[in-house]
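Data file: data_32.txt. Format and content: compact mmCIF, N, CA and C atoms.
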```
# COMPACT_ATOMS: atom_id res chain seq x y z
N MET G 1389 67.77 32.34 -3.25
CA MET G 1389 66.54 33.10 -3.26
C MET G 1389 66.72 34.32 -2.34
N LYS G 1390 66.32 35.48 -2.82
CA LYS G 1390 66.41 36.70 -2.02
C LYS G 1390 65.11 36.90 -1.25
N GLN G 1391 65.22 37.66 -0.18
CA GLN G 1391 64.04 37.91 0.65
C GLN G 1391 64.12 39.31 1.24
N TYR G 1392 62.97 39.96 1.33
CA TYR G 1392 62.85 41.25 2.00
C TYR G 1392 61.59 41.20 2.85
N THR G 1393 61.68 41.62 4.09
CA THR G 1393 60.53 41.61 4.98
C THR G 1393 60.03 43.04 5.15
N ILE G 1394 58.79 43.27 4.82
CA ILE G 1394 58.18 44.58 5.03
C ILE G 1394 57.61 44.59 6.44
N ARG G 1395 58.13 45.46 7.24
CA ARG G 1395 57.71 45.55 8.63
C ARG G 1395 56.41 46.34 8.76
N THR G 1396 55.60 45.94 9.70
CA THR G 1396 54.38 46.67 10.00
C THR G 1396 54.77 47.97 10.68
N ARG G 1397 54.30 49.07 10.12
CA ARG G 1397 54.60 50.37 10.72
C ARG G 1397 53.65 50.60 11.89
N ASN G 1398 54.21 51.07 12.98
CA ASN G 1398 53.38 51.42 14.12
C ASN G 1398 52.96 52.88 13.96
N VAL G 1399 51.71 53.09 13.73
CA VAL G 1399 51.18 54.44 13.59
C VAL G 1399 50.70 54.87 14.98
N PRO G 1400 51.22 56.00 15.50
CA PRO G 1400 50.91 56.38 16.88
C PRO G 1400 49.53 56.99 17.09
N LEU G 1401 48.77 57.16 16.05
CA LEU G 1401 47.41 57.67 16.16
C LEU G 1401 46.49 56.80 15.32
N SER G 1402 45.27 56.62 15.78
CA SER G 1402 44.33 55.79 15.02
C SER G 1402 42.99 56.50 14.87
N LEU G 1403 42.42 56.39 13.68
CA LEU G 1403 41.09 56.94 13.43
C LEU G 1403 40.03 55.85 13.56
N HIS G 1404 40.45 54.64 13.87
CA HIS G 1404 39.51 53.52 14.02
C HIS G 1404 38.50 53.85 15.12
N ASP G 1405 37.22 53.67 14.83
CA ASP G 1405 36.10 53.97 15.73
C ASP G 1405 35.85 55.46 15.92
N ALA G 1406 36.60 56.31 15.26
CA ALA G 1406 36.38 57.76 15.38
C ALA G 1406 35.24 58.18 14.46
N VAL G 1407 34.50 59.19 14.89
CA VAL G 1407 33.34 59.67 14.15
C VAL G 1407 33.66 61.01 13.50
N ILE G 1408 33.52 61.06 12.17
CA ILE G 1408 33.72 62.32 11.45
C ILE G 1408 32.50 63.20 11.70
N THR G 1409 32.73 64.39 12.26
CA THR G 1409 31.62 65.30 12.56
C THR G 1409 31.54 66.48 11.60
N GLU G 1410 32.58 66.65 10.79
CA GLU G 1410 32.57 67.73 9.80
C GLU G 1410 33.55 67.38 8.69
N ALA G 1411 33.17 67.62 7.45
CA ALA G 1411 34.07 67.42 6.31
C ALA G 1411 33.97 68.65 5.42
N THR G 1412 35.12 69.28 5.18
CA THR G 1412 35.13 70.47 4.33
C THR G 1412 36.16 70.29 3.22
N PHE G 1413 35.87 70.91 2.10
CA PHE G 1413 36.72 70.84 0.91
C PHE G 1413 37.15 72.25 0.53
N MET G 1414 38.46 72.44 0.33
CA MET G 1414 39.00 73.73 -0.09
C MET G 1414 40.03 73.48 -1.18
N GLY G 1415 39.63 73.67 -2.43
CA GLY G 1415 40.54 73.39 -3.53
C GLY G 1415 40.91 71.92 -3.56
N SER G 1416 42.21 71.63 -3.39
CA SER G 1416 42.67 70.23 -3.40
C SER G 1416 42.88 69.69 -1.99
N THR G 1417 42.29 70.34 -0.99
CA THR G 1417 42.46 69.94 0.40
C THR G 1417 41.13 69.49 0.99
N ILE G 1418 41.18 68.43 1.79
CA ILE G 1418 40.02 67.98 2.54
C ILE G 1418 40.37 68.06 4.02
N ARG G 1419 39.44 68.53 4.82
CA ARG G 1419 39.64 68.64 6.27
C ARG G 1419 38.54 67.86 6.96
N LEU G 1420 38.92 66.90 7.79
CA LEU G 1420 37.98 66.08 8.54
C LEU G 1420 38.09 66.45 10.01
N VAL G 1421 36.94 66.69 10.65
CA VAL G 1421 36.92 67.06 12.07
C VAL G 1421 36.31 65.90 12.85
N PHE G 1422 36.93 65.60 13.97
CA PHE G 1422 36.47 64.56 14.89
C PHE G 1422 36.22 65.24 16.23
N ALA G 1423 34.99 65.68 16.47
CA ALA G 1423 34.67 66.44 17.68
C ALA G 1423 34.92 65.63 18.94
N ASP G 1424 34.73 64.31 18.87
CA ASP G 1424 34.92 63.45 20.04
C ASP G 1424 36.30 62.83 20.10
N GLY G 1425 37.20 63.26 19.24
CA GLY G 1425 38.58 62.83 19.29
C GLY G 1425 38.89 61.58 18.49
N ILE G 1426 40.15 61.18 18.58
CA ILE G 1426 40.70 60.00 17.92
C ILE G 1426 41.51 59.23 18.96
N ARG G 1427 42.02 58.07 18.59
CA ARG G 1427 42.81 57.28 19.54
C ARG G 1427 44.28 57.68 19.51
N ASP G 1428 44.80 57.98 20.69
CA ASP G 1428 46.20 58.32 20.87
C ASP G 1428 46.92 57.05 21.32
N LEU G 1429 47.83 56.55 20.49
CA LEU G 1429 48.54 55.32 20.78
C LEU G 1429 50.00 55.58 21.21
N PHE G 1430 50.32 56.84 21.52
CA PHE G 1430 51.67 57.18 21.94
C PHE G 1430 52.00 56.55 23.30
N LYS G 1431 50.97 56.36 24.12
CA LYS G 1431 51.17 55.79 25.44
C LYS G 1431 51.03 54.27 25.39
N LYS G 1432 51.31 53.60 26.49
CA LYS G 1432 51.21 52.14 26.53
C LYS G 1432 49.79 51.68 26.25
N GLU G 1433 48.81 52.42 26.76
CA GLU G 1433 47.41 52.07 26.56
C GLU G 1433 46.75 53.16 25.72
N ALA G 1434 45.97 52.76 24.75
CA ALA G 1434 45.31 53.74 23.88
C ALA G 1434 44.32 54.59 24.68
N VAL G 1435 44.34 55.89 24.44
CA VAL G 1435 43.40 56.81 25.07
C VAL G 1435 42.78 57.69 23.99
N TRP G 1436 41.59 58.18 24.25
CA TRP G 1436 40.93 59.08 23.32
C TRP G 1436 41.42 60.50 23.56
N THR G 1437 41.66 61.21 22.48
CA THR G 1437 42.09 62.60 22.56
C THR G 1437 40.86 63.49 22.68
N GLY G 1438 41.12 64.78 22.75
CA GLY G 1438 40.06 65.76 22.60
C GLY G 1438 39.79 65.95 21.12
N ARG G 1439 39.10 67.01 20.78
CA ARG G 1439 38.77 67.33 19.38
C ARG G 1439 40.01 67.21 18.50
N ALA G 1440 39.83 66.62 17.32
CA ALA G 1440 40.95 66.41 16.41
C ALA G 1440 40.55 66.80 14.99
N THR G 1441 41.54 67.21 14.21
CA THR G 1441 41.32 67.50 12.79
C THR G 1441 42.39 66.78 11.98
N VAL G 1442 41.98 66.29 10.82
CA VAL G 1442 42.90 65.66 9.88
C VAL G 1442 42.82 66.47 8.59
N THR G 1443 43.96 66.93 8.13
CA THR G 1443 44.02 67.73 6.91
C THR G 1443 44.85 66.97 5.88
N ILE G 1444 44.26 66.75 4.72
CA ILE G 1444 44.94 66.05 3.63
C ILE G 1444 45.00 67.03 2.45
N SER G 1445 46.22 67.39 2.06
CA SER G 1445 46.42 68.37 0.98
C SER G 1445 46.80 67.67 -0.31
N ASN G 1446 46.69 68.42 -1.39
CA ASN G 1446 47.07 67.93 -2.72
C ASN G 1446 46.36 66.62 -3.07
N VAL G 1447 45.06 66.59 -2.81
CA VAL G 1447 44.26 65.42 -3.15
C VAL G 1447 44.00 65.42 -4.65
N ASP G 1448 44.18 64.29 -5.27
CA ASP G 1448 43.88 64.12 -6.69
C ASP G 1448 42.44 63.64 -6.79
N TRP G 1449 41.53 64.55 -7.07
CA TRP G 1449 40.10 64.21 -7.08
C TRP G 1449 39.76 63.23 -8.20
N ASP G 1450 40.53 63.22 -9.28
CA ASP G 1450 40.25 62.31 -10.39
C ASP G 1450 40.47 60.85 -10.03
N THR G 1451 41.39 60.58 -9.09
CA THR G 1451 41.64 59.19 -8.71
C THR G 1451 41.15 58.86 -7.29
N SER G 1452 40.47 59.80 -6.66
CA SER G 1452 39.87 59.58 -5.34
C SER G 1452 38.41 59.22 -5.54
N SER G 1453 37.83 58.56 -4.53
CA SER G 1453 36.44 58.15 -4.70
C SER G 1453 35.70 58.04 -3.37
N LEU G 1454 34.39 58.11 -3.46
CA LEU G 1454 33.47 57.89 -2.35
C LEU G 1454 32.45 56.88 -2.86
N VAL G 1455 32.46 55.68 -2.27
CA VAL G 1455 31.60 54.60 -2.76
C VAL G 1455 30.66 54.16 -1.65
N ARG G 1456 29.38 54.13 -1.98
CA ARG G 1456 28.32 53.75 -1.04
C ARG G 1456 27.84 52.35 -1.42
N PHE G 1457 27.85 51.44 -0.45
CA PHE G 1457 27.46 50.06 -0.70
C PHE G 1457 26.09 49.76 -0.12
N GLY G 1458 25.21 49.22 -0.96
CA GLY G 1458 23.91 48.74 -0.51
C GLY G 1458 24.00 47.25 -0.25
N GLU G 1459 22.86 46.61 -0.06
CA GLU G 1459 22.86 45.17 0.20
C GLU G 1459 23.46 44.37 -0.95
N SER G 1460 23.08 44.73 -2.17
CA SER G 1460 23.57 43.97 -3.32
C SER G 1460 24.10 44.87 -4.44
N THR G 1461 24.19 46.17 -4.17
CA THR G 1461 24.67 47.11 -5.18
C THR G 1461 25.64 48.10 -4.55
N TYR G 1462 26.24 48.90 -5.40
CA TYR G 1462 27.07 50.00 -4.91
C TYR G 1462 26.90 51.17 -5.85
N SER G 1463 27.21 52.37 -5.36
CA SER G 1463 27.17 53.54 -6.22
C SER G 1463 28.35 54.45 -5.88
N VAL G 1464 28.94 55.00 -6.93
CA VAL G 1464 30.03 55.94 -6.76
C VAL G 1464 29.39 57.33 -6.65
N CYS G 1465 29.69 58.01 -5.56
CA CYS G 1465 29.09 59.31 -5.28
C CYS G 1465 30.10 60.42 -5.51
N PRO G 1466 29.62 61.63 -5.79
CA PRO G 1466 30.55 62.76 -5.84
C PRO G 1466 31.23 62.88 -4.47
N ILE G 1467 32.52 63.09 -4.44
CA ILE G 1467 33.24 63.08 -3.17
C ILE G 1467 32.76 64.17 -2.23
N GLU G 1468 32.24 65.26 -2.78
CA GLU G 1468 31.71 66.34 -1.96
C GLU G 1468 30.49 65.90 -1.15
N GLN G 1469 29.87 64.79 -1.55
CA GLN G 1469 28.70 64.28 -0.85
C GLN G 1469 29.06 63.78 0.56
N LEU G 1470 30.33 63.60 0.82
CA LEU G 1470 30.77 63.20 2.15
C LEU G 1470 30.23 64.17 3.20
N SER G 1471 30.25 65.47 2.91
CA SER G 1471 29.73 66.48 3.85
C SER G 1471 28.27 66.21 4.18
N GLN G 1472 27.48 65.82 3.18
CA GLN G 1472 26.05 65.52 3.41
C GLN G 1472 25.89 64.28 4.27
N PHE G 1473 26.67 63.24 4.00
CA PHE G 1473 26.61 62.02 4.82
C PHE G 1473 26.88 62.35 6.28
N VAL G 1474 27.91 63.16 6.52
CA VAL G 1474 28.30 63.52 7.87
C VAL G 1474 27.19 64.31 8.57
N GLN G 1475 26.55 65.23 7.84
CA GLN G 1475 25.49 66.05 8.42
C GLN G 1475 24.22 65.25 8.69
N MET G 1476 23.95 64.24 7.87
CA MET G 1476 22.69 63.50 7.95
C MET G 1476 22.71 62.34 8.94
N GLY G 1477 23.89 61.96 9.44
CA GLY G 1477 23.94 60.82 10.35
C GLY G 1477 25.30 60.66 10.98
N ARG G 1478 25.50 59.53 11.60
CA ARG G 1478 26.78 59.20 12.25
C ARG G 1478 27.68 58.55 11.20
N PHE G 1479 28.88 59.09 11.03
CA PHE G 1479 29.81 58.61 10.01
C PHE G 1479 31.08 58.15 10.73
N GLU G 1480 31.16 56.84 11.00
CA GLU G 1480 32.21 56.28 11.83
C GLU G 1480 33.21 55.48 11.01
N ILE G 1481 34.50 55.74 11.22
CA ILE G 1481 35.54 54.98 10.54
C ILE G 1481 35.71 53.64 11.25
N VAL G 1482 35.56 52.55 10.51
CA VAL G 1482 35.70 51.22 11.11
C VAL G 1482 36.98 50.52 10.64
N ASP G 1483 37.62 51.05 9.61
CA ASP G 1483 38.87 50.47 9.14
C ASP G 1483 39.65 51.55 8.42
N GLU G 1484 40.96 51.55 8.59
CA GLU G 1484 41.80 52.55 7.95
C GLU G 1484 43.02 51.85 7.36
N LEU G 1485 43.37 52.26 6.16
CA LEU G 1485 44.51 51.67 5.47
C LEU G 1485 45.33 52.80 4.86
N TYR G 1486 46.62 52.81 5.17
CA TYR G 1486 47.52 53.84 4.68
C TYR G 1486 48.51 53.22 3.71
N GLY G 1487 48.56 53.74 2.51
CA GLY G 1487 49.50 53.26 1.51
C GLY G 1487 50.31 54.42 0.97
N TYR G 1488 51.12 54.14 -0.02
CA TYR G 1488 51.92 55.18 -0.63
C TYR G 1488 51.01 56.18 -1.33
N ARG G 1489 50.92 57.37 -0.78
CA ARG G 1489 50.06 58.43 -1.31
C ARG G 1489 48.60 58.02 -1.45
N GLN G 1490 48.17 57.14 -0.59
CA GLN G 1490 46.81 56.60 -0.67
C GLN G 1490 46.25 56.40 0.73
N LEU G 1491 45.00 56.78 0.94
CA LEU G 1491 44.29 56.53 2.19
C LEU G 1491 42.98 55.85 1.85
N LEU G 1492 42.63 54.83 2.60
CA LEU G 1492 41.35 54.17 2.42
C LEU G 1492 40.68 54.08 3.78
N PHE G 1493 39.53 54.71 3.92
CA PHE G 1493 38.74 54.63 5.13
C PHE G 1493 37.46 53.88 4.81
N ARG G 1494 37.23 52.76 5.50
CA ARG G 1494 35.96 52.05 5.39
C ARG G 1494 35.13 52.55 6.56
N CYS G 1495 33.93 53.02 6.26
CA CYS G 1495 33.10 53.68 7.27
C CYS G 1495 31.71 53.07 7.33
N MET G 1496 31.07 53.27 8.48
CA MET G 1496 29.66 52.93 8.64
C MET G 1496 28.90 54.24 8.72
N TRP G 1497 27.87 54.34 7.89
CA TRP G 1497 27.02 55.53 7.89
C TRP G 1497 25.69 55.12 8.49
N LEU G 1498 25.37 55.72 9.63
CA LEU G 1498 24.16 55.37 10.37
C LEU G 1498 23.22 56.56 10.45
N THR G 1499 21.97 56.33 10.03
CA THR G 1499 20.93 57.34 10.19
C THR G 1499 19.76 56.65 10.88
N ASP G 1500 18.65 57.36 11.01
CA ASP G 1500 17.45 56.75 11.62
C ASP G 1500 16.91 55.60 10.78
N THR G 1501 17.20 55.62 9.48
CA THR G 1501 16.59 54.63 8.59
C THR G 1501 17.58 53.73 7.87
N THR G 1502 18.89 53.98 8.02
CA THR G 1502 19.85 53.19 7.25
C THR G 1502 21.13 52.92 8.01
N CYS G 1503 21.78 51.85 7.62
CA CYS G 1503 23.12 51.52 8.10
C CYS G 1503 23.86 50.99 6.88
N GLU G 1504 24.77 51.78 6.34
CA GLU G 1504 25.45 51.42 5.11
C GLU G 1504 26.96 51.53 5.26
N THR G 1505 27.66 50.76 4.47
CA THR G 1505 29.11 50.87 4.38
C THR G 1505 29.45 51.89 3.30
N VAL G 1506 30.37 52.77 3.62
CA VAL G 1506 30.84 53.78 2.66
C VAL G 1506 32.36 53.77 2.70
N GLU G 1507 32.99 53.74 1.54
CA GLU G 1507 34.44 53.79 1.46
C GLU G 1507 34.90 55.13 0.91
N LEU G 1508 35.82 55.74 1.62
CA LEU G 1508 36.45 56.98 1.19
C LEU G 1508 37.88 56.65 0.82
N ASN G 1509 38.21 56.80 -0.47
CA ASN G 1509 39.54 56.49 -0.98
C ASN G 1509 40.15 57.79 -1.48
N LEU G 1510 41.24 58.20 -0.85
CA LEU G 1510 41.87 59.47 -1.20
C LEU G 1510 43.29 59.25 -1.73
N SER G 1511 43.55 59.75 -2.93
CA SER G 1511 44.90 59.78 -3.50
C SER G 1511 45.46 61.18 -3.23
N HIS G 1512 46.65 61.26 -2.66
CA HIS G 1512 47.18 62.56 -2.29
C HIS G 1512 48.68 62.62 -2.54
N ALA G 1513 49.21 63.84 -2.62
CA ALA G 1513 50.64 64.01 -2.89
C ALA G 1513 51.32 64.81 -1.79
N SER G 1514 50.74 64.80 -0.59
CA SER G 1514 51.33 65.53 0.54
C SER G 1514 51.24 64.67 1.80
N GLU G 1515 51.84 65.20 2.85
CA GLU G 1515 51.77 64.52 4.13
C GLU G 1515 50.40 64.72 4.76
N LEU G 1516 50.01 63.77 5.56
CA LEU G 1516 48.77 63.82 6.32
C LEU G 1516 49.06 64.56 7.61
N VAL G 1517 48.29 65.62 7.92
CA VAL G 1517 48.52 66.40 9.13
C VAL G 1517 47.36 66.16 10.09
N ILE G 1518 47.71 65.69 11.30
CA ILE G 1518 46.70 65.42 12.33
C ILE G 1518 46.99 66.33 13.52
N ARG G 1519 45.98 67.06 13.96
CA ARG G 1519 46.09 67.93 15.14
C ARG G 1519 45.02 67.51 16.13
N TRP G 1520 45.36 67.56 17.42
CA TRP G 1520 44.38 67.17 18.43
C TRP G 1520 44.63 67.90 19.73
N GLU G 1521 43.59 67.95 20.54
CA GLU G 1521 43.68 68.52 21.88
C GLU G 1521 44.01 67.38 22.84
N ASP G 1522 44.83 67.68 23.84
CA ASP G 1522 45.28 66.64 24.77
C ASP G 1522 44.16 66.07 25.64
N GLU G 1523 43.30 66.93 26.14
CA GLU G 1523 42.28 66.45 27.06
C GLU G 1523 41.14 65.81 26.29
N SER G 1524 40.78 64.60 26.70
CA SER G 1524 39.69 63.91 26.02
C SER G 1524 38.38 64.63 26.27
N VAL G 1525 37.45 64.44 25.37
CA VAL G 1525 36.14 65.07 25.49
C VAL G 1525 35.45 64.60 26.78
N GLU G 1526 35.60 63.30 27.09
CA GLU G 1526 34.99 62.76 28.31
C GLU G 1526 35.56 63.44 29.55
N ALA G 1527 36.88 63.66 29.59
CA ALA G 1527 37.50 64.31 30.73
C ALA G 1527 37.04 65.75 30.86
N MET G 1528 36.83 66.43 29.72
CA MET G 1528 36.34 67.81 29.77
C MET G 1528 34.95 67.85 30.38
N TYR G 1529 34.08 66.90 30.02
CA TYR G 1529 32.74 66.86 30.58
C TYR G 1529 32.79 66.55 32.07
N GLU G 1530 33.69 65.64 32.48
CA GLU G 1530 33.81 65.27 33.89
C GLU G 1530 34.29 66.44 34.73
N SER G 1531 35.11 67.32 34.18
CA SER G 1531 35.66 68.45 34.94
C SER G 1531 34.67 69.59 35.10
N GLU G 1532 33.61 69.60 34.30
CA GLU G 1532 32.59 70.65 34.42
C GLU G 1532 31.70 70.37 35.61
N SER G 1533 31.36 71.43 36.33
CA SER G 1533 30.43 71.25 37.44
C SER G 1533 29.04 71.71 37.01
N PHE G 1534 28.05 70.94 37.36
CA PHE G 1534 26.69 71.27 36.95
C PHE G 1534 25.90 71.81 38.11
```
Take the structure in the file and write it out as structure tokens.
Amino acid sequence: MKQYTIRTRNVPLSLHDAVITEATFMGSTIRLVFADGIRDLFKKEAVWTGRATVTISNVDWDTSSLVRFGESTYSVCPIEQLSQFVQMGRFEIVDELYGYRQLLFRCMWLTDTTCETVELNLSHASELVIRWEDESVEAMYESESF
């Protein structure tokens, strides 16, 4: 019997618990902004970065989806509606899954009147580019004198 072990890849950055504060669409590219940063796992202990952006190019919109889950139903939304979700409430990534040319973000969408699960599934044909500022947002606030 043959065997192959697929090793867990250590991803040095995590979007888990990060809040999307802006989502923009330009052709086949989506850009997600995290004003309060993302988790930097390059060090021994995870730390929050400063403002971060994630750019995903060559997205195949025909096989990508945005699905909103209610208590007992779900609805497939136009993917551009992500911008409205982000503007109308807190849009936090609670789970992230990276596959071959595939990204799946399970998110919680919180407003004054609702708390819903929303899944963003992106099929893409390019590398994922993540940029961030070194100083965490909290550290920037602490360094300011009032």
Top pick for closest residue to Asn1509 (chain G), considering G:Leu1491, G:Ala1440, G:Ile1394, G:Val1474 and counting only C-alpha atoms: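 Checking each of G:Leu1491, G:Ala1440, G:Ile1394, G:Val1474 against Asn1509 (chain G), counting only C-alpha atoms, the winner is G:Leu1491.
From CA of Thr1499 (chain G) back to CA of Ser1445 (chain G), the distance works out to 29.3 Å.
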Quick one: residues within 9 Å of region 1430-1432 of chain G, only C-alpha atoms, excluding same-chain residues fewer than 6 positions away - as a PyMOL selection string? chain G and resi 1399-1401
If I put a ball of radius 8 Å at (32.9, 70.7, 3.7) in the file's coordinates, which residues poke into it when counting only N, CA and C atoms, written as a compact mmCIF listing (two decimals) with N, CA and C atoms, in the frame of the given file?
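Once everything was written out, this is result_29.txt:
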```txt
# COMPACT_ATOMS: atom_id res chain seq x y z
N GLU G 1410 32.58 66.65 10.79
CA GLU G 1410 32.57 67.73 9.80
C GLU G 1410 33.55 67.38 8.69
N ALA G 1411 33.17 67.62 7.45
CA ALA G 1411 34.07 67.42 6.31
C ALA G 1411 33.97 68.65 5.42
N THR G 1412 35.12 69.28 5.18
CA THR G 1412 35.13 70.47 4.33
C THR G 1412 36.16 70.29 3.22
N PHE G 1413 35.87 70.91 2.10
CA PHE G 1413 36.72 70.84 0.91
C PHE G 1413 37.15 72.25 0.53
N MET G 1414 38.46 72.44 0.33
CA MET G 1414 39.00 73.73 -0.09
C MET G 1414 40.03 73.48 -1.18
N ILE G 1418 41.18 68.43 1.79
CA ILE G 1418 40.02 67.98 2.54
C ILE G 1418 40.37 68.06 4.02
N ARG G 1419 39.44 68.53 4.82
CA ARG G 1419 39.64 68.64 6.27
C ARG G 1419 38.54 67.86 6.96
N GLU G 1468 32.24 65.26 -2.78
CA GLU G 1468 31.71 66.34 -1.96
C GLU G 1468 30.49 65.90 -1.15
N LEU G 1470 30.33 63.60 0.82
CA LEU G 1470 30.77 63.20 2.15
C LEU G 1470 30.23 64.17 3.20
N SER G 1471 30.25 65.47 2.91
CA SER G 1471 29.73 66.48 3.85
C SER G 1471 28.27 66.21 4.18
N GLN G 1472 27.48 65.82 3.18
CA GLN G 1472 26.05 65.52 3.41
C GLN G 1472 25.89 64.28 4.27
```
Tell me, which residues of region 1427-1496 of chain G carry DSSP strand (DSSP E), written as JSON, numbers by chain? {"G": [1427, 1428, 1435, 1436, 1440, 1441, 1442, 1443, 1444, 1453, 1454, 1455, 1456, 1457, 1462, 1463, 1464, 1465, 1478, 1479, 1480, 1481, 1482, 1483, 1484, 1485, 1486, 1487, 1490, 1491, 1492, 1493, 1494, 1495, 1496]}
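Across the structure, atom C of Glu1433 (chain G) and CA of Trp1520 (chain G) are spaced 16.0 Å apart.
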Exercise: Trp1449 (chain G) partners within 10 Å, only C-alpha atoms, chain neighbours under 5 positions left out, as a VMD selection string: chain G and resid 1415 to 1417 1466 to 1467 1509 to 1512
For each of G:Leu1403, G:Thr1443, G:Leu1492, G:Thr1437, take the minimum atom-to-atom distance to Ser1514 (chain G), counting all atoms listed in the file, then give the residue where this is smallest.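 Smallest separation from Ser1514 (chain G) among the options: G:Thr1443.
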Please, what distance in Å, to one decimal, runs between CA of Val1482 (chain G) and CA of Met1496 (chain G)?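 Calculated distance between CA of Val1482 (chain G) and CA of Met1496 (chain G) is 6.7 Å.
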May I have the protein, DNA and RNA residues with any atom at most 5 Å from the point (44.1, 58.0, 17.8), counting only N, CA and C atoms, written as a list in words?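 All residues meeting the 5 Å criterion around (44.1, 58.0, 17.8) are Leu1401, Ser1402, Leu1403, Ile1426, Arg1427, Asp1428 and Leu1429 of chain G.
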6 Å per side around region 1437-1446 of chain G: axis-aligned box centre and edge lengths, as AutoDock Vina command-line options:
```
--center_x 42.9 --center_y 64.8 --center_z 9.8 --size_x 20.3 --size_y 19.2 --size_z 37.8
```
Between G:Arg1439, G:His1404, G:Asn1398, G:Gly1477, which is the closest to Asp1500 (chain G) once you count only C-alpha atoms?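 Among the listed residues, the smallest separation from Asp1500 (chain G) belongs to G:Gly1477.
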